[in-house]
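Chemist: model13.txt is the file, holding compact mmCIF, C-alpha atoms and all ligand atoms:
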```txt
# COMPACT_ATOMS: atom_id res chain seq x y z
CA MET A 1 0.00 0.00 0.00
CA LYS A 2 1.60 3.27 -1.14
CA GLY A 3 0.58 6.62 0.33
CA VAL A 4 -0.05 9.33 -2.28
CA ALA A 5 -0.16 13.08 -1.64
CA ILE A 6 -1.84 15.08 -4.41
CA LEU A 7 -0.77 18.71 -4.71
CA GLY A 8 -3.30 20.57 -6.88
CA SER A 9 -6.04 17.98 -6.39
CA THR A 10 -8.82 20.24 -7.66
CA GLY A 11 -7.29 20.80 -11.11
CA SER A 12 -7.46 18.85 -14.32
CA ILE A 13 -4.57 16.47 -13.49
CA GLY A 14 -5.57 16.31 -9.80
CA THR A 15 -9.14 15.20 -10.55
CA THR A 16 -7.88 12.76 -13.20
CA ALA A 17 -5.53 11.27 -10.60
CA LEU A 18 -8.34 10.88 -8.07
CA ARG A 19 -10.38 8.93 -10.63
CA VAL A 20 -7.39 6.67 -11.29
CA LEU A 21 -6.64 6.20 -7.58
CA ALA A 22 -10.27 5.36 -6.79
CA ARG A 23 -9.97 2.37 -9.17
CA HIS A 24 -6.73 1.21 -7.52
CA ALA A 25 -7.58 1.60 -3.85
CA ASP A 26 -6.07 -1.83 -3.20
CA ARG A 27 -2.58 -0.41 -3.97
CA PHE A 28 -2.72 3.30 -3.19
CA ARG A 29 -4.09 5.35 -0.32
CA VAL A 30 -4.61 9.12 -0.62
CA VAL A 31 -2.85 10.66 2.37
CA ALA A 32 -2.97 14.36 1.44
CA LEU A 33 -4.84 16.77 -0.82
CA THR A 34 -4.03 20.41 -1.46
CA ALA A 35 -5.70 23.10 -3.57
CA HIS A 36 -5.27 26.78 -4.19
CA GLY A 37 -8.73 28.21 -3.56
CA ASN A 38 -11.53 25.78 -4.44
CA ALA A 39 -12.52 24.88 -0.88
CA ASP A 40 -15.88 23.40 -1.92
CA LEU A 41 -14.37 20.81 -4.26
CA LEU A 42 -11.59 20.12 -1.75
CA ALA A 43 -14.23 19.31 0.90
CA VAL A 44 -15.95 16.90 -1.50
CA GLN A 45 -12.58 15.24 -2.21
CA GLU A 46 -11.80 15.01 1.50
CA ALA A 47 -15.10 13.22 2.12
CA ALA A 48 -14.52 10.83 -0.81
CA THR A 49 -10.92 9.90 0.01
CA GLN A 50 -10.81 10.33 3.80
CA ALA A 51 -7.35 11.85 3.27
CA PRO A 52 -5.97 12.77 6.71
CA PHE A 53 -4.09 15.92 5.53
CA ILE A 54 -5.93 18.71 3.70
CA GLY A 55 -4.26 21.97 2.71
CA LEU A 56 -5.75 25.14 1.23
CA VAL A 57 -3.17 27.61 -0.07
CA ALA A 58 -5.40 30.72 -0.29
CA ASN A 59 -5.63 32.44 3.05
CA GLY A 60 -8.72 34.53 2.28
CA SER A 61 -11.75 34.43 4.54
CA ALA A 62 -14.23 33.78 1.71
CA HIS A 63 -14.91 30.28 2.99
CA SER A 64 -15.19 29.00 6.48
CA VAL A 65 -12.98 25.94 6.38
CA PRO A 66 -12.60 23.19 8.96
CA GLU A 67 -10.09 23.83 11.75
CA ARG A 68 -8.22 20.65 10.88
CA TRP A 69 -7.23 21.98 7.43
CA ARG A 70 -3.79 23.54 6.98
CA ARG A 71 -3.75 27.03 5.44
CA GLY A 72 -1.20 29.00 3.41
CA SER A 73 1.46 28.02 0.90
CA GLU A 74 3.49 26.08 3.52
CA CYS A 75 0.85 23.36 3.30
CA LEU A 76 2.42 22.29 -0.01
CA THR A 77 5.82 21.43 1.46
CA GLU A 78 4.16 19.92 4.55
CA ALA A 79 2.11 17.60 2.35
CA ALA A 80 5.18 16.84 0.22
CA THR A 81 7.17 15.60 3.22
CA LEU A 82 4.55 13.68 5.24
CA ALA A 83 5.96 10.48 6.70
CA ASP A 84 3.17 8.33 5.23
CA ALA A 85 3.42 9.86 1.73
CA ASP A 86 5.52 7.62 -0.55
CA ILE A 87 4.55 9.37 -3.78
CA ILE A 88 3.93 13.10 -4.24
CA LEU A 89 1.84 13.83 -7.32
CA ASN A 90 2.73 17.44 -8.09
CA ALA A 91 -0.18 18.75 -10.18
CA VAL A 92 0.13 22.40 -9.16
CA VAL A 93 0.26 24.87 -12.05
CA GLY A 94 3.16 27.33 -12.27
CA ALA A 95 6.46 27.97 -10.48
CA ALA A 96 4.63 27.57 -7.14
CA GLY A 97 5.26 23.85 -7.66
CA LEU A 98 9.04 24.17 -7.27
CA ASP A 99 9.42 24.24 -3.48
CA PRO A 100 7.28 21.17 -2.79
CA THR A 101 9.17 19.24 -5.50
CA LEU A 102 12.51 20.12 -3.88
CA ALA A 103 11.19 19.29 -0.40
CA ALA A 104 9.83 15.92 -1.52
CA LEU A 105 13.05 14.94 -3.31
CA ASN A 106 15.13 16.01 -0.32
CA ALA A 107 12.92 13.78 1.83
CA GLY A 108 13.60 10.82 -0.48
CA LYS A 109 10.11 10.63 -2.04
CA ARG A 110 9.01 9.71 -5.53
CA VAL A 111 7.67 12.82 -7.25
CA ALA A 112 5.15 12.04 -9.97
CA LEU A 113 5.72 15.32 -11.76
CA ALA A 114 3.00 16.99 -13.81
CA ASN A 115 4.15 20.48 -12.77
CA LYS A 116 6.48 21.12 -15.72
CA GLU A 117 7.41 24.59 -14.46
CA THR A 118 9.45 22.87 -11.69
CA LEU A 119 12.11 21.56 -14.07
CA VAL A 120 12.00 24.60 -16.34
CA VAL A 121 12.74 27.05 -13.54
CA ALA A 122 15.35 25.00 -11.69
CA GLY A 123 16.11 21.75 -13.48
CA GLU A 124 19.67 21.51 -12.21
CA LEU A 125 18.73 22.17 -8.57
CA VAL A 126 15.94 19.63 -8.80
CA ARG A 127 18.36 17.02 -10.12
CA GLN A 128 20.79 17.75 -7.29
CA ALA A 129 17.97 17.45 -4.71
CA ALA A 130 17.05 14.04 -6.12
CA VAL A 131 20.63 12.84 -5.84
CA SER A 132 21.32 14.24 -2.36
CA GLY A 133 17.92 13.34 -0.88
CA GLY A 134 17.52 9.99 -2.58
CA GLY A 135 14.19 10.88 -4.18
CA GLU A 136 13.21 10.27 -7.80
CA ILE A 137 11.22 12.10 -10.45
CA VAL A 138 8.81 10.20 -12.65
CA PRO A 139 7.23 12.42 -15.30
CA VAL A 140 3.46 12.59 -15.76
CA ASP A 141 3.42 14.72 -18.91
CA SER A 142 2.34 12.44 -21.76
CA GLU A 143 5.42 13.13 -23.93
CA HIS A 144 7.93 12.45 -21.17
CA SER A 145 5.95 9.47 -19.95
CA ALA A 146 6.11 8.11 -23.51
CA ILE A 147 9.89 8.62 -23.64
CA LEU A 148 10.35 6.96 -20.24
CA GLN A 149 8.22 4.01 -21.37
CA CYS A 150 10.38 3.67 -24.51
CA ILE A 151 13.73 4.10 -22.77
CA GLY A 152 12.88 2.04 -19.70
CA SER A 153 15.78 1.78 -17.29
CA ARG A 154 18.37 2.42 -20.04
CA SER A 155 18.42 6.18 -19.27
CA GLY A 156 20.19 8.24 -21.98
CA ALA A 157 22.52 5.45 -23.07
CA GLY A 158 22.09 4.37 -26.68
CA VAL A 159 19.70 7.21 -27.46
CA ARG A 160 20.44 9.23 -30.60
CA ARG A 161 17.42 11.54 -30.58
CA LEU A 162 14.14 12.31 -28.85
CA VAL A 163 11.25 13.49 -30.99
CA LEU A 164 8.50 15.15 -28.96
CA THR A 165 5.11 15.20 -30.61
CA ALA A 166 2.93 18.31 -30.45
CA SER A 167 -0.77 18.51 -31.32
CA GLY A 168 -0.08 21.94 -32.84
CA GLY A 169 -2.89 23.47 -30.75
CA PRO A 170 -5.97 25.28 -32.07
CA PHE A 171 -3.96 27.52 -34.44
CA ARG A 172 -1.98 24.76 -36.13
CA ASP A 173 -3.45 25.51 -39.56
CA TRP A 174 -4.29 29.21 -39.07
CA SER A 175 -2.44 31.81 -41.16
CA ARG A 176 -0.19 34.25 -39.33
CA GLU A 177 -2.70 37.05 -40.06
CA ARG A 178 -5.55 35.04 -38.58
CA ILE A 179 -3.51 34.17 -35.46
CA GLU A 180 -3.02 37.91 -34.92
CA GLN A 181 -6.80 38.22 -34.47
CA ALA A 182 -7.13 35.16 -32.17
CA THR A 183 -9.40 35.64 -29.16
CA ARG A 184 -9.29 34.08 -25.70
CA ASP A 185 -12.10 31.68 -26.64
CA ASP A 186 -10.15 30.61 -29.74
CA ALA A 187 -7.06 29.92 -27.64
CA LEU A 188 -9.01 27.96 -25.03
CA ARG A 189 -10.50 25.58 -27.62
CA HIS A 190 -7.87 22.80 -27.67
CA PRO A 191 -8.47 20.24 -30.44
CA THR A 192 -7.45 17.05 -28.60
CA TRP A 193 -6.81 17.58 -24.86
CA SER A 194 -9.03 18.89 -22.06
CA MET A 195 -6.74 20.65 -19.54
CA GLY A 196 -6.42 23.62 -17.17
CA ARG A 197 -6.61 27.11 -18.72
CA LYS A 198 -2.92 28.01 -18.40
CA ILE A 199 -1.58 24.92 -20.16
CA THR A 200 -4.35 25.23 -22.78
CA VAL A 201 -3.09 28.72 -23.67
CA ASP A 202 0.50 27.37 -23.59
CA SER A 203 -0.58 24.78 -26.13
CA ALA A 204 -1.96 27.49 -28.41
CA THR A 205 1.28 29.53 -28.30
CA LEU A 206 3.38 26.30 -28.39
CA VAL A 207 5.10 27.53 -25.20
CA ASN A 208 4.00 24.18 -23.80
CA LYS A 209 6.31 22.39 -26.23
CA ALA A 210 9.20 24.69 -25.35
CA LEU A 211 8.65 23.89 -21.66
CA GLU A 212 8.69 20.18 -22.47
CA VAL A 213 11.92 20.48 -24.48
CA ILE A 214 13.53 22.42 -21.61
CA GLU A 215 12.55 19.63 -19.19
CA ALA A 216 13.75 16.69 -21.28
CA PRO A 217 17.56 16.89 -20.70
CA HIS A 218 16.95 17.05 -16.94
CA LEU A 219 14.83 13.91 -17.12
CA PHE A 220 16.73 11.85 -19.67
CA GLY A 221 20.26 13.28 -19.93
CA VAL A 222 19.86 13.92 -23.66
CA PRO A 223 21.22 17.33 -24.80
CA TYR A 224 19.07 19.93 -26.59
CA ASP A 225 20.65 19.38 -29.99
CA GLN A 226 19.34 15.80 -29.87
CA ILE A 227 15.73 16.82 -29.24
CA ASP A 228 13.30 17.55 -32.07
CA ILE A 229 9.61 18.42 -32.28
CA VAL A 230 7.10 17.12 -34.78
CA VAL A 231 3.49 18.21 -35.10
CA HIS A 232 1.04 15.31 -34.85
CA PRO A 233 -2.53 16.64 -34.84
CA GLN A 234 -4.21 13.42 -33.65
CA SER A 235 -2.23 13.21 -30.36
CA ILE A 236 -2.03 9.39 -30.59
CA VAL A 237 1.76 9.00 -30.80
CA HIS A 238 2.99 10.58 -27.57
CA SER A 239 6.68 10.83 -28.62
CA PHE A 240 9.46 8.89 -30.33
CA VAL A 241 12.90 7.73 -29.19
CA GLU A 242 15.50 7.05 -31.88
CA PHE A 243 18.37 4.78 -30.80
CA VAL A 244 21.94 4.77 -32.10
CA ASP A 245 21.28 1.71 -34.28
CA GLY A 246 18.50 3.59 -36.09
CA SER A 247 15.63 1.80 -34.36
CA VAL A 248 12.76 4.09 -33.36
CA LEU A 249 10.31 3.35 -30.54
CA ALA A 250 7.09 5.24 -29.87
CA GLN A 251 4.42 5.01 -27.22
CA VAL A 252 0.91 5.14 -28.60
CA GLY A 253 -2.54 5.59 -27.06
CA LEU A 254 -5.72 7.64 -27.01
CA PRO A 255 -5.25 11.16 -25.63
CA SER A 256 -6.07 10.70 -21.94
CA MET A 257 -3.90 11.62 -18.96
CA GLU A 258 -5.16 8.63 -16.96
CA LEU A 259 -2.47 6.31 -18.33
CA PRO A 260 0.51 8.65 -17.74
CA VAL A 261 -0.76 9.33 -14.20
CA LEU A 262 -1.13 5.60 -13.47
CA TYR A 263 2.26 4.84 -15.02
CA ALA A 264 3.98 7.53 -12.92
CA LEU A 265 2.51 5.92 -9.78
CA ALA A 266 3.38 2.35 -10.80
CA HIS A 267 6.69 2.74 -12.74
CA PRO A 268 8.49 0.51 -13.55
CA GLU A 269 5.59 -1.89 -12.96
CA ARG A 270 2.43 -1.96 -15.02
CA ILE A 271 -0.90 -2.22 -13.27
CA ASN A 272 -3.94 -3.87 -14.81
CA GLU A 273 -6.36 -1.14 -15.91
CA SER A 274 -9.58 -2.81 -16.99
CA SER A 275 -11.33 0.49 -17.76
CA ALA A 276 -8.81 1.46 -20.49
CA ALA A 277 -10.49 1.33 -23.91
CA PRO A 278 -8.73 -1.12 -26.26
CA PHE A 279 -6.57 0.64 -28.84
CA ASP A 280 -7.99 0.36 -32.35
CA PRO A 281 -5.39 1.39 -34.97
CA VAL A 282 -7.99 1.48 -37.73
CA ALA A 283 -10.28 3.84 -35.78
CA ALA A 284 -7.25 5.98 -34.82
CA SER A 285 -6.02 6.34 -38.39
CA PRO A 286 -4.85 8.23 -40.29
CA LEU A 287 -1.89 9.37 -38.21
CA THR A 288 -0.18 12.38 -39.77
CA PHE A 289 2.98 14.36 -39.01
CA GLU A 290 4.01 17.89 -40.01
CA SER A 291 6.94 20.21 -39.44
CA VAL A 292 6.48 22.78 -36.72
CA ARG A 293 5.93 26.40 -38.00
CA LEU A 294 8.59 28.10 -35.91
CA ASP A 295 8.23 31.44 -37.72
CA ASP A 296 4.53 31.67 -36.94
CA PHE A 297 4.85 30.60 -33.29
CA PRO A 298 7.57 32.94 -32.00
CA ALA A 299 7.08 31.96 -28.33
CA LEU A 300 8.31 28.45 -29.14
CA ARG A 301 11.39 29.85 -30.88
CA LEU A 302 12.08 32.06 -27.82
CA GLY A 303 11.71 29.09 -25.47
CA LEU A 304 14.12 26.95 -27.47
CA ALA A 305 16.67 29.79 -27.49
CA ALA A 306 16.26 30.20 -23.70
CA ALA A 307 16.86 26.46 -23.29
CA ARG A 308 20.15 26.64 -25.18
CA HIS A 309 21.19 29.81 -23.34
CA GLY A 310 20.70 28.18 -19.93
CA GLU A 311 21.39 29.89 -16.57
CA ALA A 312 18.29 31.96 -15.62
CA ALA A 313 16.94 32.27 -19.18
CA PRO A 314 14.47 29.34 -18.88
CA ALA A 315 13.21 30.76 -15.55
CA VAL A 316 12.75 34.20 -17.15
CA PHE A 317 10.98 32.60 -20.12
CA ASN A 318 8.66 30.71 -17.77
CA ALA A 319 7.87 33.61 -15.45
CA ALA A 320 7.26 36.06 -18.32
CA ASN A 321 4.95 33.52 -19.89
CA GLU A 322 3.05 32.91 -16.63
CA ALA A 323 2.55 36.67 -16.18
CA ALA A 324 1.56 37.19 -19.82
CA VAL A 325 -0.89 34.26 -19.85
CA ALA A 326 -2.55 35.64 -16.70
CA LEU A 327 -2.95 39.03 -18.45
CA PHE A 328 -4.29 37.30 -21.57
CA LEU A 329 -6.81 35.25 -19.56
CA ASP A 330 -7.84 38.51 -17.88
CA ALA A 331 -8.51 39.98 -21.37
CA ARG A 332 -5.84 42.66 -20.82
CA ILE A 333 -3.50 41.71 -23.67
CA ARG A 334 -3.99 40.11 -27.08
CA PHE A 335 -2.82 36.60 -27.96
CA VAL A 336 0.22 37.75 -29.95
CA GLU A 337 1.34 39.97 -27.07
CA ILE A 338 2.17 36.85 -25.03
CA ALA A 339 5.19 36.22 -27.26
CA ALA A 340 6.01 39.94 -27.30
CA ALA A 341 6.03 40.01 -23.48
CA ILE A 342 8.30 36.97 -23.28
CA GLU A 343 10.65 38.50 -25.82
CA SER A 344 10.94 41.78 -23.96
CA ALA A 345 11.62 39.98 -20.65
CA LEU A 346 14.32 37.83 -22.24
CA ASP A 347 15.88 40.89 -23.94
CA VAL A 348 16.31 42.60 -20.57
CA LEU A 349 16.81 39.68 -18.18
CA GLY A 350 17.90 36.74 -20.33
CA ASP A 351 21.57 36.95 -19.28
CA LEU A 352 20.96 36.81 -15.53
CA PRO A 353 22.90 34.12 -13.64
CA GLY A 354 20.94 31.09 -12.54
CA THR A 355 22.99 28.57 -10.64
CA GLU A 356 21.65 29.41 -7.17
CA LYS A 357 18.04 29.17 -6.12
CA ASN A 358 17.99 32.78 -4.94
CA ALA A 359 19.27 34.02 -8.29
CA LEU A 360 16.51 32.06 -10.04
CA LEU A 361 13.86 33.52 -7.76
CA VAL A 362 15.20 37.04 -8.41
CA ALA A 363 15.02 36.40 -12.17
CA ASP A 364 11.51 34.95 -11.83
CA ARG A 365 10.24 37.97 -9.89
CA ALA A 366 11.93 40.50 -12.18
CA ALA A 367 10.37 38.89 -15.27
CA ARG A 368 6.88 38.95 -13.77
CA GLN A 369 7.31 42.58 -12.74
CA LEU A 370 8.63 43.62 -16.15
CA VAL A 371 5.73 41.99 -17.99
CA ASN A 372 3.12 43.44 -15.64
CA GLU A 373 4.62 46.95 -15.86
CA ARG A 374 5.09 46.97 -19.63
CA PHE A 375 2.00 45.05 -20.70
CA GLY A 376 -0.40 45.09 -17.76
CA CYS A 377 -1.75 48.63 -17.89
P1 LIG B 401 -5.30 23.30 -13.38
O1 LIG B 401 -5.32 24.78 -13.47
O2 LIG B 401 -6.49 22.55 -13.86
O3 LIG B 401 -5.07 22.88 -11.84
C1 LIG B 401 -4.05 23.43 -11.07
C2 LIG B 401 -4.14 22.97 -9.62
O4 LIG B 401 -3.11 23.64 -8.89
C3 LIG B 401 -5.44 23.31 -8.92
O5 LIG B 401 -5.75 22.30 -8.00
C4 LIG B 401 -5.14 24.61 -8.18
O6 LIG B 401 -5.91 24.76 -7.01
C5 LIG B 401 -3.67 24.43 -7.84
N1 LIG B 401 -2.94 25.70 -7.79
C6 LIG B 401 -3.01 26.71 -8.68
N2 LIG B 401 -2.17 27.71 -8.32
C7 LIG B 401 -1.56 27.30 -7.19
C8 LIG B 401 -0.60 27.90 -6.33
N3 LIG B 401 -0.09 29.12 -6.57
N4 LIG B 401 -0.21 27.20 -5.25
C9 LIG B 401 -0.71 25.98 -4.99
N5 LIG B 401 -1.63 25.36 -5.76
C10 LIG B 401 -2.05 26.03 -6.86
O7 LIG B 401 -3.98 22.81 -14.10
P2 LIG B 401 -3.70 21.39 -14.79
O8 LIG B 401 -4.15 21.42 -16.19
O9 LIG B 401 -4.18 20.30 -13.91
O10 LIG B 401 -2.10 21.39 -14.84
C11 LIG B 401 -1.32 21.20 -13.68
C12 LIG B 401 0.15 21.06 -14.10
O11 LIG B 401 0.28 19.88 -14.90
C13 LIG B 401 0.66 22.20 -14.98
O12 LIG B 401 2.01 22.42 -14.70
C14 LIG B 401 0.51 21.67 -16.39
O13 LIG B 401 1.41 22.25 -17.29
C15 LIG B 401 0.83 20.20 -16.17
N6 LIG B 401 0.24 19.30 -17.16
C16 LIG B 401 -1.11 19.25 -17.31
C17 LIG B 401 -1.66 18.40 -18.25
C18 LIG B 401 -3.18 18.28 -18.39
O14 LIG B 401 -3.64 17.44 -19.15
N7 LIG B 401 -3.97 19.10 -17.71
C19 LIG B 401 -0.84 17.60 -19.05
C20 LIG B 401 0.52 17.67 -18.87
C21 LIG B 401 1.07 18.52 -17.91
MG MG B 402 2.51 17.35 -22.80
```
Show me the file's structure as structure tokens.
Ligand code: NAD
Ligand code: MG
Modeler:
Amino acid sequence: MKGVAILGSTGSIGTTALRVLARHADRFRVVALTAHGNADLLAVQEAATQAPFIGLVANGSAHSVPERWRRGSECLTEAATLADADIILNAVVGAAGLDPTLAALNAGKRVALANKETLVVAGELVRQAAVSGGGEIVPVDSEHSAILQCIGSRSGAGVRRLVLTASGGPFRDWSRERIEQATRDDALRHPTWSMGRKITVDSATLVNKALEVIEAPHLFGVPYDQIDIVVHPQSIVHSFVEFVDGSVLAQVGLPSMELPVLYALAHPERINESSAAPFDPVAASPLTFESVRLDDFPALRLGLAAARHGEAAPAVFNAANEAAVALFLDARIRFVEIAAAIESALDVLGDLPGTEKNALLVADRAARQLVNERFGC
């Protein structure tokens, strides 16, 4: 029986995980749930799981919450280090997920990592925490889960190239002129995945794919010049691994996060999942692949450049994007201004140092401030 703490239990990945865990109650026990502000759903989840630790990050007085609940952002690291939590599913959105990841790894836990911002902001520090604390990261993101399933325990050895698939998002076949007119509703209409609002916008700008490329070397030890992206509109092939002998493996399945969540909990085992629909290649066909339109999705190009630059550039890229997406979701900037905001933050702050955690936090804060000052009024 493994104890599982779910950080961000009220979100898209968190609720998916609770569905998966409910079907596998013979193996996993939910020992902690945390959410940002949705106290009503958190109370329903507490009743359903009987989780002994409940944390609500928002400190507002809008809801009267039970005395036994923990309040404030510290509840994330508390949940991440509970003695009876073997696996921490980090499904928080944004850089707020970094501290609980570090705390869990330092405490020797398995982190089932959906929170991609963790590795983007501080990939090197996270790796060091895993080594010194004895914890491990198992990715939940479908592309990295696919790569892990293809590579198995072989790590980076024998790998020539990773090819991450991208759905292309809602604007995959829009002209550049049409993308310039894109509205918030257009950006929130993802063709293949149902996800939280921030990652849905990231999928429209293709920032999401940049974040995934930035993460990959930290997870698999494969350098950036051996990572490619291919657009695959059906989201059936979740990524490819090409080996040095020319063999290529891919992991294939219907677009649902239930499998990657279950795999991150069970890895390297596989658990019988009777509710998984059988894969029908005929029904899934045709499978098509296209080159990515880097010139028409400038935020992706900026993210890839930040990855190669290293130091604090990925943290600046991430923070500028988080601030810009919040402004976009608030209807205060246009879609194309997200890339413009990221570019102006990287122009000013892209050369900041980034080896220490404090330096990364300074870069993160400066990027958010710059975007809010230049674009938020
Ligand atoms: P979401 O917005 O649906 O849910 C986010 C969760 O985090 C909620 O429970 C919310 O209460 C909590 N949260 C938000 N801000 C917080 C803060 N500052 N501190 C603590 N908790 C906070 O997001 P999601 O779609 O579930 O995505 C979660 C993470 O997983 C993101 O990093 C995303 O990129 C990644 N991811 C999501 C999917 C997907 O299918 N949704 C796929 C791959 C990766
Ligand atoms: Mg993904």
Chemist: Extract, using all atoms listed in the file, all DNA, RNA and protein residues at most 7 Å from Val31 (chain A), discarding same-chain residues fewer than 5 positions from it, and format them as a PyMOL selection string.
Modeler: chain A and resi 3-5+51-53+85
Chemist: When distances are computed from only C-alpha atoms and all ligand atoms, which of A:Glu143, A:Glu124, A:Asp347, A:Glu311 shows the smallest separation from ligand LIG 401 (chain B)?
Modeler: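 Checking each candidate against ligand LIG 401 (chain B), we get A:Glu143 as the closest.
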Chemist: Do a neighbour search on Gly72 (chain A) at 6 Å with all atoms listed in the file, toss out local chain neighbours closer than 5 positions, and write the hits as a list of chain:residue names.
Modeler: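 After dropping sequence-adjacent residues, the list is A:Val57, A:Ala58, A:Asn59.
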Chemist: Which one of A:Gly152, A:Gly221, A:Gly14, A:Gly354 sits closest to Val140 (chain A) if you count all atoms listed in the file?
Modeler: A:Gly14
Chemist: I need the residue nearest ligand LIG 401 (chain B) from this list: A:Asp185, A:Glu78, A:Asp295, A:Asp202. Use all atoms listed in the file for the distance.
Modeler: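 Looking only at the distances to ligand LIG 401 (chain B), the closest residue turns out to be A:Asp202.
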Chemist: Using all atoms listed in the file, which residues sit within 12 Å of Val44 (chain A) once same-chain residues fewer than 5 positions away are excluded, as a list in words?
Modeler: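 Near Val44 (chain A), the qualifying residues are Ser9, Thr10, Thr15, Leu18, Leu33, Asn38, Ala39, Thr49, Gln50, Ala51 and Ile54 of chain A.
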Chemist: Please indicate the distance in Å from CA of Leu206 (chain A) to atom O2 of ligand LIG 401 (chain B), rounded to one decimal place.
Modeler: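 Those two atoms sit 18.0 Å apart.
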Chemist: Show me which residues are within 7 Å of ligand MG 402 (chain B) counting all atoms listed in the file, and format the list as a list in words.
Modeler: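 Using all atoms listed in the file, I find these residues within 7 Å of ligand MG 402 (chain B): Asp141, Ser142, Glu143 and Glu212 of chain A.
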Chemist: Using only C-alpha atoms, pick whichever of A:Glu74, A:Gly108, A:Ser344, A:Ser235 has the shortest atom-to-atom distance to Gln251 (chain A).
Modeler: A:Ser235
Chemist: Which residues of chain A have any atom within 6 Å of an atom in ligand LIG 401 (chain B) when counting only C-alpha atoms and all ligand atoms, and what is the closest pair of atoms for each, with the distance in Å to one decimal? Order the rows by chain and rising number and write it as JSON lines.
Modeler:
```
{"residue": "A:Gly8", "atom": "CA", "partner": "B:LIG401", "partner_atom": "O5", "distance": 3.2}
{"residue": "A:Ser9", "atom": "CA", "partner": "B:LIG401", "partner_atom": "O5", "distance": 4.6}
{"residue": "A:Thr10", "atom": "CA", "partner": "B:LIG401", "partner_atom": "O5", "distance": 3.7}
{"residue": "A:Gly11", "atom": "CA", "partner": "B:LIG401", "partner_atom": "O3", "distance": 3.1}
{"residue": "A:Ser12", "atom": "CA", "partner": "B:LIG401", "partner_atom": "O9", "distance": 3.6}
{"residue": "A:Ile13", "atom": "CA", "partner": "B:LIG401", "partner_atom": "O9", "distance": 3.9}
{"residue": "A:Gly14", "atom": "CA", "partner": "B:LIG401", "partner_atom": "O9", "distance": 5.9}
{"residue": "A:Ala35", "atom": "CA", "partner": "B:LIG401", "partner_atom": "O6", "distance": 3.8}
{"residue": "A:His36", "atom": "CA", "partner": "B:LIG401", "partner_atom": "O6", "distance": 3.5}
{"residue": "A:Gly37", "atom": "CA", "partner": "B:LIG401", "partner_atom": "O6", "distance": 5.6}
{"residue": "A:Val57", "atom": "CA", "partner": "B:LIG401", "partner_atom": "C9", "distance": 5.7}
{"residue": "A:Ala91", "atom": "CA", "partner": "B:LIG401", "partner_atom": "C11", "distance": 4.4}
{"residue": "A:Val92", "atom": "CA", "partner": "B:LIG401", "partner_atom": "O4", "distance": 3.5}
{"residue": "A:Val93", "atom": "CA", "partner": "B:LIG401", "partner_atom": "C13", "distance": 4.0}
{"residue": "A:Gly94", "atom": "CA", "partner": "B:LIG401", "partner_atom": "O12", "distance": 5.6}
{"residue": "A:Ala96", "atom": "CA", "partner": "B:LIG401", "partner_atom": "N3", "distance": 5.0}
{"residue": "A:Ala114", "atom": "CA", "partner": "B:LIG401", "partner_atom": "O11", "distance": 4.1}
{"residue": "A:Asn115", "atom": "CA", "partner": "B:LIG401", "partner_atom": "O12", "distance": 3.5}
{"residue": "A:Lys116", "atom": "CA", "partner": "B:LIG401", "partner_atom": "O12", "distance": 4.8}
{"residue": "A:Glu117", "atom": "CA", "partner": "B:LIG401", "partner_atom": "O12", "distance": 5.8}
{"residue": "A:Asp141", "atom": "CA", "partner": "B:LIG401", "partner_atom": "C20", "distance": 4.1}
{"residue": "A:Met195", "atom": "CA", "partner": "B:LIG401", "partner_atom": "N7", "distance": 3.7}
{"residue": "A:Gly196", "atom": "CA", "partner": "B:LIG401", "partner_atom": "O8", "distance": 3.3}
{"residue": "A:Arg197", "atom": "CA", "partner": "B:LIG401", "partner_atom": "O1", "distance": 5.9}
{"residue": "A:Ile199", "atom": "CA", "partner": "B:LIG401", "partner_atom": "O13", "distance": 4.9}
{"residue": "A:Met257", "atom": "CA", "partner": "B:LIG401", "partner_atom": "O14", "distance": 5.8}
```
Chemist: Box for region 329-335 of chain A: with edges along x, y and z, all listed atoms inside and 8 Å added on each side, what are the centre and edge lengths in Å to one decimal, as AutoDock Vina command-line options?
Modeler:
```
--center_x -5.7 --center_y 39.0 --center_z -22.9 --size_x 21.7 --size_y 23.4 --size_z 26.1
```
Chemist: Smallest atom-to-atom distance to Ala313 (chain A): which of A:Pro353, A:Pro281, A:Gly55, A:Gly376, using only C-alpha atoms?
Modeler: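 Residue with the minimum atom-to-atom distance to Ala313 (chain A): A:Pro353.
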Chemist: Skipping near chain neighbours, those fewer than 6 positions away, what residues fall within 12 Å of Ala107 (chain A) using all atoms listed in the file, listed as a list in words?
Modeler: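 In the requested form, the answer reads Thr77, Glu78, Ala79, Ala80, Thr81, Leu82, Ala83, Asp84, Ala85, Asp86, Ile87, Ile88, Pro100, Thr101, Ala129, Ala130, Val131, Ser132, Gly133, Gly134, Gly135 and Glu136 of chain A.
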Chemist: Interatomic distance between CA of Pro170 (chain A) and CA of Arg368 (chain A)?
Modeler: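 CA of Arg368 (chain A) lies at a distance of 26.2 Å from CA of Pro170 (chain A).
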Chemist: Quick one: of A:Ile229, A:Ala182, A:Val241, A:Leu265, who's nearest to His24 (chain A), counting only C-alpha atoms?
Modeler: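 Among the listed residues, A:Leu265 lies closest to His24 (chain A).
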Chemist: Between CA of Leu98 (chain A) and CA of Arg365 (chain A), what is the distance, to one decimal in Å?
Modeler: 14.1 Å
Chemist: Extract, using all atoms listed in the file, all DNA, RNA and protein residues at most 9 Å from Ala284 (chain A), discarding same-chain residues fewer than 3 positions from it, and format them as an MDAnalysis selection string.
Modeler: chainID A and resid 234 236 254 279:281 287
